[in-house]
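Asker: So here's run.csv, just CSV, C-alpha atoms:
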```
chain,number,residue,atom,x,y,z
A,1,MET,CA,316.8,121.0,53.4
A,2,ARG,CA,313.9,121.9,55.6
A,3,GLN,CA,311.5,120.1,53.1
A,4,SER,CA,313.6,117.0,53.1
A,5,THR,CA,313.6,117.0,56.9
A,6,ARG,CA,309.9,117.2,57.0
A,7,LEU,CA,309.6,114.4,54.5
A,8,ALA,CA,311.9,112.2,56.5
A,9,ALA,CA,309.9,112.9,59.7
A,10,LEU,CA,306.6,112.1,57.9
A,11,THR,CA,308.1,108.9,56.6
A,12,ALA,CA,309.1,107.9,60.1
A,13,VAL,CA,305.6,108.7,61.5
A,14,LEU,CA,304.0,106.5,58.7
A,15,ALA,CA,306.4,103.7,59.4
A,16,THR,CA,305.6,103.8,63.1
A,17,ALA,CA,301.9,103.8,62.4
A,18,VAL,CA,302.1,100.8,60.1
A,19,ALA,CA,304.3,98.9,62.6
A,20,SER,CA,301.9,99.7,65.5
A,21,GLY,CA,298.9,98.5,63.5
A,22,ALA,CA,297.3,102.0,63.4
A,23,TRP,CA,297.4,102.0,59.7
A,24,ALA,CA,294.3,100.2,58.2
A,25,GLN,CA,293.8,98.5,61.6
A,26,THR,CA,291.3,95.6,61.9
A,27,HIS,CA,288.3,96.5,64.1
A,28,GLY,CA,288.7,95.1,67.6
A,29,VAL,CA,292.3,94.2,67.2
A,30,THR,CA,295.4,95.9,68.7
A,31,ASN,CA,298.9,94.6,69.3
A,32,THR,CA,297.9,93.5,72.8
A,33,GLU,CA,294.2,92.7,72.6
A,34,VAL,CA,291.3,91.2,70.5
A,35,VAL,CA,287.8,92.2,71.5
A,36,LEU,CA,284.9,89.8,71.1
A,37,GLY,CA,281.2,90.5,71.8
A,38,SER,CA,278.1,88.5,72.6
A,39,HIS,CA,274.4,89.3,73.0
A,40,SER,CA,273.1,86.7,75.5
A,41,ASP,CA,270.3,86.2,78.0
A,42,PHE,CA,270.7,86.8,81.7
A,43,SER,CA,267.1,87.7,82.5
A,44,GLY,CA,264.7,86.0,80.0
A,45,VAL,CA,263.4,82.5,79.3
A,46,ALA,CA,266.8,81.2,78.2
A,47,ALA,CA,268.8,82.7,81.1
A,48,THR,CA,269.9,79.3,82.4
A,49,TYR,CA,271.7,78.8,79.1
A,50,GLY,CA,273.0,82.4,78.7
A,51,ILE,CA,274.6,82.6,82.1
A,52,SER,CA,276.3,79.2,81.9
A,53,THR,CA,277.4,79.8,78.3
A,54,ILE,CA,279.1,83.1,79.1
A,55,ASN,CA,280.6,81.8,82.3
A,56,ALA,CA,282.3,78.9,80.5
A,57,ALA,CA,283.5,81.1,77.6
A,58,LYS,CA,285.0,83.5,80.1
A,59,MET,CA,286.7,80.7,82.0
A,60,ARG,CA,288.4,79.5,78.8
A,61,PHE,CA,289.5,82.9,77.7
A,62,GLU,CA,290.8,83.8,81.2
A,63,ALA,CA,292.9,80.7,81.2
A,64,VAL,CA,294.3,81.6,77.8
A,65,ASN,CA,295.0,85.2,79.0
A,66,ALA,CA,296.7,83.9,82.1
A,67,ALA,CA,299.1,82.0,79.9
A,68,GLY,CA,300.0,85.1,77.8
A,69,GLY,CA,297.1,85.3,75.4
A,70,VAL,CA,297.2,84.3,71.7
A,71,HIS,CA,300.3,85.6,69.9
A,72,GLY,CA,300.7,88.2,72.7
A,73,ARG,CA,297.0,89.4,72.5
A,74,LYS,CA,294.7,89.0,75.5
A,75,ILE,CA,291.0,88.2,74.7
A,76,LYS,CA,288.4,90.6,75.9
A,77,LEU,CA,284.8,89.6,75.9
A,78,ILE,CA,282.0,92.2,76.1
A,79,VAL,CA,278.5,90.8,76.8
A,80,GLU,CA,275.1,92.5,76.6
A,81,ASP,CA,271.9,91.0,78.1
A,82,ALA,CA,269.1,90.9,75.5
A,83,GLY,CA,266.7,89.0,77.7
A,84,TYR,CA,265.8,86.7,74.8
A,85,GLN,CA,264.0,89.6,73.1
A,86,VAL,CA,264.7,90.5,69.5
A,87,PRO,CA,264.4,94.3,69.9
A,88,LYS,CA,266.9,94.2,72.8
A,89,ALA,CA,269.2,91.9,70.8
A,90,VAL,CA,269.2,94.4,67.9
A,91,GLN,CA,270.1,97.2,70.3
A,92,ALA,CA,272.9,95.1,71.8
A,93,CYS,CA,274.2,94.3,68.4
A,94,ASN,CA,274.3,97.9,67.4
A,95,LYS,CA,276.3,98.8,70.5
A,96,LEU,CA,278.8,95.9,70.0
A,97,ILE,CA,279.3,96.8,66.4
A,98,ASN,CA,279.3,100.6,66.4
A,99,ARG,CA,280.5,101.5,69.9
A,100,ASP,CA,282.6,98.6,71.0
A,101,LYS,CA,284.0,97.8,67.5
A,102,VAL,CA,284.2,94.1,68.3
A,103,PHE,CA,286.3,91.8,66.1
A,104,ALA,CA,283.7,88.9,66.2
A,105,PHE,CA,280.5,87.8,67.9
A,106,ILE,CA,280.7,84.6,69.9
A,107,ALA,CA,278.0,82.5,71.7
A,108,ALA,CA,275.2,84.9,70.8
A,109,ILE,CA,271.9,83.3,72.0
A,110,GLY,CA,268.7,82.6,70.2
A,111,THR,CA,267.7,81.9,66.6
A,112,PRO,CA,265.5,85.0,66.0
A,113,MET,CA,268.1,87.2,67.8
A,114,ASN,CA,271.0,86.1,65.7
A,115,ASN,CA,268.9,86.3,62.5
A,116,ALA,CA,267.9,89.8,63.3
A,117,CYS,CA,271.5,91.0,63.8
A,118,PHE,CA,273.0,89.3,60.7
A,119,LYS,CA,272.4,92.1,58.2
A,120,GLU,CA,274.2,94.9,60.1
A,121,GLN,CA,276.8,92.5,61.5
A,122,PHE,CA,277.9,91.1,58.2
A,123,ALA,CA,277.9,94.5,56.6
A,124,ALA,CA,280.5,95.4,59.2
A,125,ASN,CA,282.5,92.3,58.3
A,126,ILE,CA,282.1,90.8,61.8
A,127,PRO,CA,282.2,86.9,62.0
A,128,ASN,CA,279.4,85.1,63.9
A,129,LEU,CA,281.0,82.3,65.9
A,130,PHE,CA,279.2,79.3,67.5
A,131,PRO,CA,275.9,80.9,68.4
A,132,ILE,CA,273.7,79.3,71.1
A,133,THR,CA,271.2,77.9,68.6
A,134,SER,CA,271.3,75.0,66.2
A,135,ALA,CA,269.3,76.7,63.5
A,136,ARG,CA,270.4,76.0,59.9
A,137,SER,CA,270.5,79.8,59.3
A,138,MET,CA,273.6,79.8,61.5
A,139,TYR,CA,275.5,78.3,58.6
A,140,GLU,CA,273.1,78.4,55.6
A,141,PRO,CA,273.1,79.9,53.1
A,142,PHE,CA,276.9,79.8,53.1
A,143,ASN,CA,278.5,82.9,54.4
A,144,ARG,CA,282.3,83.2,55.0
A,145,LEU,CA,281.5,84.9,58.3
A,146,LYS,CA,279.3,82.1,59.8
A,147,PHE,CA,280.6,79.2,61.8
A,148,GLN,CA,278.6,76.6,63.7
A,149,ALA,CA,280.0,73.5,65.5
A,150,GLY,CA,277.3,71.0,65.7
A,151,ALA,CA,274.2,69.3,64.2
A,152,SER,CA,271.3,71.6,63.3
A,153,TYR,CA,267.9,71.4,64.9
A,154,VAL,CA,266.7,69.9,61.6
A,155,ASP,CA,269.4,67.2,61.7
A,156,GLN,CA,268.5,66.4,65.3
A,157,VAL,CA,264.8,66.2,64.8
A,158,ARG,CA,265.0,64.1,61.7
A,159,ALA,CA,267.3,61.6,63.5
A,160,GLY,CA,265.1,61.4,66.5
A,161,ILE,CA,261.9,61.0,64.5
A,162,ASN,CA,263.5,58.3,62.3
A,163,TYR,CA,264.5,56.3,65.4
A,164,MET,CA,261.0,56.6,67.0
A,165,VAL,CA,259.2,55.6,63.9
A,166,THR,CA,261.5,52.8,62.7
A,167,GLN,CA,262.5,51.4,66.1
A,168,LYS,CA,259.6,52.2,68.3
A,169,GLY,CA,256.7,52.0,65.8
A,170,LYS,CA,255.4,55.5,66.3
A,171,LYS,CA,252.8,56.5,63.7
A,172,ASN,CA,250.9,59.6,64.8
A,173,LEU,CA,253.3,62.5,64.8
A,174,CYS,CA,252.4,65.8,66.4
A,175,LEU,CA,254.2,69.1,67.1
A,176,MET,CA,254.3,71.5,70.0
A,177,TYR,CA,256.6,74.4,69.3
A,178,GLN,CA,257.4,78.1,69.9
A,179,ASP,CA,256.0,80.4,67.3
A,180,THR,CA,259.4,81.7,66.6
A,181,ASP,CA,262.3,81.2,64.1
A,182,PHE,CA,263.5,78.5,66.5
A,183,GLY,CA,260.2,76.7,66.5
A,184,LYS,CA,259.9,76.9,62.7
A,185,GLU,CA,263.3,75.0,62.5
A,186,ILE,CA,261.8,72.1,64.5
A,187,VAL,CA,258.7,72.2,62.2
A,188,GLU,CA,260.8,72.1,59.1
A,189,GLY,CA,262.8,69.1,60.4
A,190,ALA,CA,259.7,67.2,61.3
A,191,GLU,CA,258.0,67.9,58.0
A,192,GLU,CA,261.1,66.8,56.0
A,193,GLN,CA,261.4,63.5,58.0
A,194,ALA,CA,257.6,62.8,57.9
A,195,LYS,CA,257.7,63.2,54.1
A,196,LYS,CA,260.7,60.8,53.8
A,197,LEU,CA,259.0,58.2,56.0
A,198,GLY,CA,255.6,58.6,54.4
A,199,ILE,CA,253.7,59.5,57.5
A,200,LYS,CA,251.6,62.5,58.3
A,201,ILE,CA,251.8,65.2,61.0
A,202,VAL,CA,248.4,64.8,62.5
A,203,GLU,CA,248.3,67.9,64.7
A,204,ARG,CA,250.2,71.1,65.7
A,205,ALA,CA,250.2,73.4,68.6
A,206,ALA,CA,252.2,76.7,68.7
A,207,HIS,CA,252.8,79.0,71.6
A,208,LYS,CA,254.7,82.1,72.6
A,209,PRO,CA,258.1,81.6,74.4
A,210,THR,CA,256.6,83.3,77.5
A,211,ASP,CA,253.4,81.2,77.7
A,212,GLN,CA,252.9,79.2,81.0
A,213,ASP,CA,249.5,77.6,80.4
A,214,PHE,CA,249.5,74.7,77.9
A,215,THR,CA,246.1,73.2,78.8
A,216,ALA,CA,244.6,74.1,75.4
A,217,SER,CA,247.5,72.8,73.5
A,218,LEU,CA,247.6,69.5,75.3
A,219,THR,CA,243.9,69.0,74.9
A,220,LYS,CA,244.2,69.7,71.2
A,221,LEU,CA,247.1,67.2,70.8
A,222,LYS,CA,245.5,64.5,72.9
A,223,SER,CA,242.2,64.7,70.9
A,224,ALA,CA,244.3,64.1,67.8
A,225,GLY,CA,245.5,60.7,69.0
A,226,CYS,CA,249.2,61.6,69.0
A,227,ASP,CA,251.7,58.9,69.9
A,228,LEU,CA,254.8,61.1,69.4
A,229,ILE,CA,255.0,64.8,70.2
A,230,VAL,CA,258.1,66.6,68.9
A,231,MET,CA,258.9,69.6,71.0
A,232,GLY,CA,260.2,72.9,69.6
A,233,THR,CA,260.7,74.1,73.2
A,234,ILE,CA,263.6,75.1,75.5
A,235,VAL,CA,263.4,74.7,79.3
A,236,ARG,CA,260.3,76.1,81.0
A,237,ASP,CA,258.0,75.4,78.0
A,238,THR,CA,259.3,71.8,78.0
A,239,ILE,CA,258.9,71.1,81.7
A,240,ILE,CA,255.4,72.6,82.2
A,241,PRO,CA,253.5,70.7,79.4
A,242,TYR,CA,255.3,67.4,79.9
A,243,THR,CA,254.7,67.3,83.6
A,244,ALA,CA,251.1,68.4,83.1
A,245,ALA,CA,250.5,65.6,80.6
A,246,ARG,CA,251.9,63.0,83.0
A,247,LYS,CA,249.8,64.3,85.9
A,248,ASP,CA,246.8,63.9,83.7
A,249,GLY,CA,247.8,60.3,83.0
A,250,TRP,CA,248.7,60.8,79.4
A,251,ASN,CA,251.8,58.7,78.7
A,252,VAL,CA,252.5,59.8,75.1
A,253,THR,CA,256.1,60.0,74.0
A,254,PHE,CA,257.7,63.5,74.0
A,255,LEU,CA,260.9,64.2,72.0
A,256,GLY,CA,262.9,67.4,72.2
A,257,SER,CA,265.9,68.8,70.4
A,258,ALA,CA,269.2,69.7,72.0
A,259,ALA,CA,267.5,72.8,73.3
A,260,THR,CA,265.8,70.5,75.9
A,261,TYR,CA,268.9,68.4,76.7
A,262,ASP,CA,269.8,70.3,79.8
A,263,LEU,CA,270.5,69.4,83.4
A,264,VAL,CA,267.6,71.6,84.6
A,265,VAL,CA,265.1,69.7,82.4
A,266,GLY,CA,266.5,66.3,83.5
A,267,ALA,CA,266.5,67.1,87.2
A,268,ALA,CA,263.0,68.7,87.2
A,269,PRO,CA,260.4,66.6,89.2
A,270,GLY,CA,258.2,64.6,86.9
A,271,MET,CA,260.4,64.6,83.8
A,272,GLU,CA,261.1,60.8,83.9
A,273,GLY,CA,260.9,59.3,80.4
A,274,PHE,CA,261.3,62.5,78.4
A,275,TYR,CA,263.5,62.1,75.3
A,276,GLY,CA,265.9,64.7,73.9
A,277,MET,CA,268.7,64.9,71.3
A,278,GLY,CA,272.2,65.4,72.7
A,279,LEU,CA,275.4,66.7,71.2
A,280,ALA,CA,277.9,65.9,74.0
A,281,GLU,CA,278.3,64.5,77.5
A,282,LEU,CA,276.5,66.6,80.0
A,283,PRO,CA,278.6,68.1,82.8
A,284,TYR,CA,277.7,65.7,85.6
A,285,ALA,CA,280.1,65.8,88.5
A,286,ASP,CA,280.4,62.0,88.4
A,287,SER,CA,280.8,61.7,84.7
A,288,LYS,CA,282.9,58.8,83.4
A,289,LEU,CA,285.0,61.3,81.4
A,290,PRO,CA,287.9,62.7,83.6
A,291,SER,CA,288.0,65.8,81.4
A,292,VAL,CA,284.3,66.5,82.3
A,293,THR,CA,284.7,66.0,86.0
A,294,LYS,CA,287.8,68.3,86.0
A,295,PHE,CA,285.8,70.9,84.1
A,296,VAL,CA,282.8,70.7,86.6
A,297,LYS,CA,285.2,71.0,89.6
A,298,GLU,CA,286.9,74.1,88.1
A,299,TYR,CA,283.6,75.7,87.0
A,300,LYS,CA,282.0,75.3,90.4
A,301,ALA,CA,285.0,76.5,92.2
A,302,LYS,CA,285.0,79.7,90.1
A,303,TYR,CA,281.3,80.5,89.9
A,304,ASN,CA,279.9,78.5,92.9
A,305,ILE,CA,277.1,77.0,90.8
A,306,ASP,CA,276.9,73.8,88.7
A,307,PRO,CA,277.4,74.1,85.0
A,308,ASN,CA,274.7,73.0,82.6
A,309,ALA,CA,274.5,72.2,78.9
A,310,GLY,CA,275.1,75.8,78.0
A,311,ALA,CA,278.5,75.6,79.6
A,312,ILE,CA,279.5,72.9,77.0
A,313,TYR,CA,278.6,75.2,74.1
A,314,GLY,CA,280.2,78.2,75.6
A,315,TYR,CA,283.4,76.4,76.4
A,316,ASP,CA,283.7,74.7,73.1
A,317,GLY,CA,282.9,77.8,71.2
A,318,ALA,CA,285.6,79.7,73.1
A,319,ASP,CA,288.1,76.9,72.6
A,320,LEU,CA,287.5,76.7,68.9
A,321,THR,CA,287.8,80.5,68.6
A,322,VAL,CA,291.2,80.2,70.3
A,323,LYS,CA,292.2,77.6,67.8
A,324,GLY,CA,291.2,79.9,65.0
A,325,LEU,CA,293.2,82.8,66.5
A,326,GLU,CA,296.2,80.6,66.9
A,327,ASN,CA,296.0,79.4,63.3
A,328,ALA,CA,295.6,83.0,62.1
A,329,GLY,CA,299.1,84.0,63.2
A,330,LYS,CA,300.4,87.2,64.5
A,331,ASN,CA,299.0,89.3,61.7
A,332,LEU,CA,295.3,89.0,62.7
A,333,THR,CA,292.7,90.2,60.3
A,334,VAL,CA,289.2,88.9,59.5
A,335,ASP,CA,290.6,87.1,56.4
A,336,SER,CA,293.5,85.5,58.3
A,337,PHE,CA,291.1,84.4,61.1
A,338,ILE,CA,288.6,82.8,58.7
A,339,ALA,CA,291.5,80.9,57.1
A,340,GLY,CA,292.6,79.9,60.6
A,341,MET,CA,289.1,78.6,61.4
A,342,GLU,CA,288.8,76.7,58.1
A,343,ALA,CA,292.1,75.0,58.9
A,344,ILE,CA,290.6,73.3,62.0
A,345,LYS,CA,290.4,69.5,61.3
A,346,GLY,CA,289.9,66.6,63.6
A,347,TYR,CA,288.9,68.7,66.6
A,348,HIS,CA,287.6,66.8,69.7
A,349,ASP,CA,286.3,68.7,72.7
A,350,ILE,CA,286.6,67.6,76.4
A,351,PHE,CA,282.9,66.5,76.5
A,352,GLY,CA,283.1,63.6,74.1
A,353,GLY,CA,281.2,65.5,71.4
A,354,ALA,CA,281.3,64.7,67.7
A,355,GLU,CA,284.5,65.4,65.7
A,356,VAL,CA,284.6,68.9,64.3
A,357,ASN,CA,286.0,69.7,60.8
A,358,PHE,CA,285.9,73.0,58.9
A,359,GLY,CA,286.9,73.9,55.4
A,360,PRO,CA,286.7,76.7,52.8
A,361,GLN,CA,283.1,75.7,51.9
A,362,LYS,CA,282.2,73.9,55.1
A,363,HIS,CA,281.4,76.0,58.1
A,364,GLN,CA,279.2,73.5,60.0
A,365,GLY,CA,281.6,71.4,62.0
A,366,ALA,CA,279.5,68.3,62.6
A,367,SER,CA,276.0,66.9,61.9
A,368,SER,CA,275.4,64.0,64.3
A,369,SER,CA,273.4,63.9,67.5
A,370,PHE,CA,272.3,61.1,69.8
A,371,LEU,CA,269.0,60.2,71.5
A,372,ALA,CA,268.9,60.5,75.3
A,373,GLU,CA,266.3,59.8,77.9
A,374,VAL,CA,265.6,61.2,81.4
A,375,LYS,CA,266.1,58.4,83.9
A,376,GLY,CA,266.3,58.9,87.7
A,377,GLY,CA,266.6,62.7,87.4
A,378,ARG,CA,269.4,62.7,84.9
A,379,TRP,CA,270.0,62.2,81.1
A,380,THR,CA,271.1,58.8,79.8
A,381,ARG,CA,272.2,58.0,76.3
A,382,VAL,CA,269.9,55.7,74.4
A,383,THR,CA,271.7,55.5,71.0
A,384,ASP,CA,275.1,56.0,69.4
A,385,PRO,CA,275.4,59.2,67.3
A,386,LEU,CA,272.8,59.4,64.6
A,387,SER,CA,273.2,61.6,61.5
A,388,PHE,CA,271.6,62.5,58.2
```
So that I can check it, write out the structure of this file as structure tokens.
Answerer:
Amino acid sequence: MRQSTRLAALTAVLATAVASGAWAQTHGVTNTEVVLGSHSDFSGVAATYGISTINAAKMRFEAVNAAGGVHGRKIKLIVEDAGYQVPKAVQACNKLINRDKVFAFIAAIGTPMNNACFKEQFAANIPNLFPITSARSMYEPFNRLKFQAGASYVDQVRAGINYMVTQKGKKNLCLMYQDTDFGKEIVEGAEEQAKKLGIKIVERAAHKPTDQDFTASLTKLKSAGCDLIVMGTIVRDTIIPYTAARKDGWNVTFLGSAATYDLVVGAAPGMEGFYGMGLAELPYADSKLPSVTKFVKEYKAKYNIDPNAGAIYGYDGADLTVKGLENAGKNLTVDSFIAGMEAIKGYHDIFGGAEVNFGPQKHQGASSSFLAEVKGGRWTRVTDPLSF
């Protein structure tokens, strides 16, 4: 009788454990919460992106939480500042994986930083969602845990070079790029398109992300007779060499990826005529899109600063993540979440970006970008979406 009582009690305990999710629980998930993590940049060369990205992601998640969460779960976001440095990013990843036990990473910044974290992250079965980099390694080779929304740097660069060569008659292609994984993506895109068009890359100049003097690089490129310089740069290392070239009277065409398509770059003195590849409508307060002006107003009211391009990527990544959580249903596991992400079709963001579609073997949501030019201190679209 005593043994049967103990057995009944044990059965009741096990049943309670299973019902409460304590039995074989998914990391970062309880009945009331799902924990996400991000290694970002609040203090390094990409801080303008990192701060705005995380602000916008938090804004979206807080709105969801205020409405009751997703299937009764509030979304908690833990962010670590890696300062756009690989060693610090690896430390941040280790903390998020092993101490915080996050369910997924979202909006992690930087190509080399994401690449450095993948091995341990994927070994822990943690998805990587919408990193703040357009490198192909964010979705290639295919991995069920990788999701990226937009066109890769390679897609962007190829489209931009094709336009400049076929529509503007450019012939002498040159490269200025960071000597990092990010910069190498720009180089790969340029090499692929140059080969397709039958033109040569006549000169290259690499630099460190922290460099501030580009005199030697500009002299080298000018001596080569470049008429188009493709930039594997972000913000500061875009503004400094471009404005220096213009002050020196060199009016060669410069073309950047979406990493340069930012309000800070457009508004910087001396950036008139700079070209970049865009993925969506920038958050200008006087945008023609009511959804954008509404977003800008709410963002500024909340953070007392203007949003930049990073806010687009942070908000969209958070919104797509919410869609995936909704599609996953109440029984949230990594498998159900991946299925929920892959079920997203015909998604349109509030910024007029390209339509996003995922599938079981398709984890890059879109591949088109458009050419934009700095005019009067702001970015203006030059083309409709271009794709390869």
Asker: Excluding same-chain residues fewer than 2 positions from Phe105 of chain A, what lies within 12 Å of it counting all atoms listed in the file, as a PyMOL selection string?
Answerer: chain A and resi 28+34-40+76-80+92-94+96-97+100-103+107-109+114+117-118+121-122+124-132+145-147+317-318+321
Asker: Step by step: start from the point (286.3, 80.1, 80.9) in the file's coordinates, keep every protein, DNA or RNA residue that has an atom no farther than 10 Å from it, count only C-alpha atoms, and write the set as a ChimeraX atom specification.
Answerer: /A:53-64,295,298-299,302,311,314-316,318-319
Asker: Pick out the closest residue to Gly353 of chain A from this set: A:Gly50, A:Gly68, A:Gly198, A:Gly365. Count all atoms listed in the file.
Answerer: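 Once distances to Gly353 of chain A are computed over all atoms listed in the file, the minimum belongs to A:Gly365.
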Asker: Grab the atom CA of Gly324 of chain A to atom CA of Lys74 of chain A distance for me, in Å with one decimal place.
Answerer: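 Atom CA of Lys74 of chain A lies 14.3 Å from atom CA of Gly324 of chain A.
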Asker: Figure out the distance between atom CA of Pro112 of chain A and atom CA of Tyr153 of chain A, please, to one decimal in Å.
Answerer: 13.9 Å
Asker: Tell me which residues come within 7 Å of (247.5, 66.2, 68.3), as a list of chain:residue names, counting all atoms listed in the file in the file's coordinates.
Answerer: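 So the residues meeting the distance criterion are A:Cys174, A:Val202, A:Glu203, A:Arg204, A:Lys220, A:Leu221, A:Lys222, A:Ser223, A:Ala224, A:Gly225, A:Cys226.
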Asker: From the set A:Ala268, A:Val252, A:Met113, A:Ala309, which residue has the shortest atom-to-atom contact distance to Val230 of chain A, counting all atoms listed in the file?
Answerer: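 Closest residue, counting all atoms listed in the file: A:Val252.
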Asker: Excluding segment 233-248 of chain A and any residue of its chain fewer than 5 positions from it, enumerate the residues within 10 Å of it, using all atoms listed in the file, and give them as a ChimeraX atom specification.
Answerer: /A:45-49,176-179,182-183,186,206-215,217-219,222,253-266,268-274
Asker: Once you count only C-alpha atoms, what closest atom pair and distance in Å to one decimal does each residue of segment 101-170 of chain A within 12 Å of segment 377-383 of chain A have, with rows by chain and rising residue number, as JSON lines?
Answerer:
```
{"residue": "A:Ala159", "atom": "CA", "partner": "A:Thr383", "partner_atom": "CA", "distance": 10.6}
{"residue": "A:Gly160", "atom": "CA", "partner": "A:Thr383", "partner_atom": "CA", "distance": 9.9}
{"residue": "A:Tyr163", "atom": "CA", "partner": "A:Thr383", "partner_atom": "CA", "distance": 9.2}
{"residue": "A:Met164", "atom": "CA", "partner": "A:Thr383", "partner_atom": "CA", "distance": 11.5}
{"residue": "A:Gln167", "atom": "CA", "partner": "A:Thr383", "partner_atom": "CA", "distance": 11.2}
```
Asker: Which value, in Å to one decimal, gives the distance between atom CA of Asp181 of chain A and atom CA of Ala135 of chain A?
Answerer: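 A separation of 8.3 Å between them.
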Asker: For Pro307 of chain A, which residue out of A:Thr166, A:Ser52, A:Ser137, A:Asn143 is the nearest one, using all atoms listed in the file?
Answerer: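 Answer, going by the shortest atom-to-atom distance: A:Ser52.
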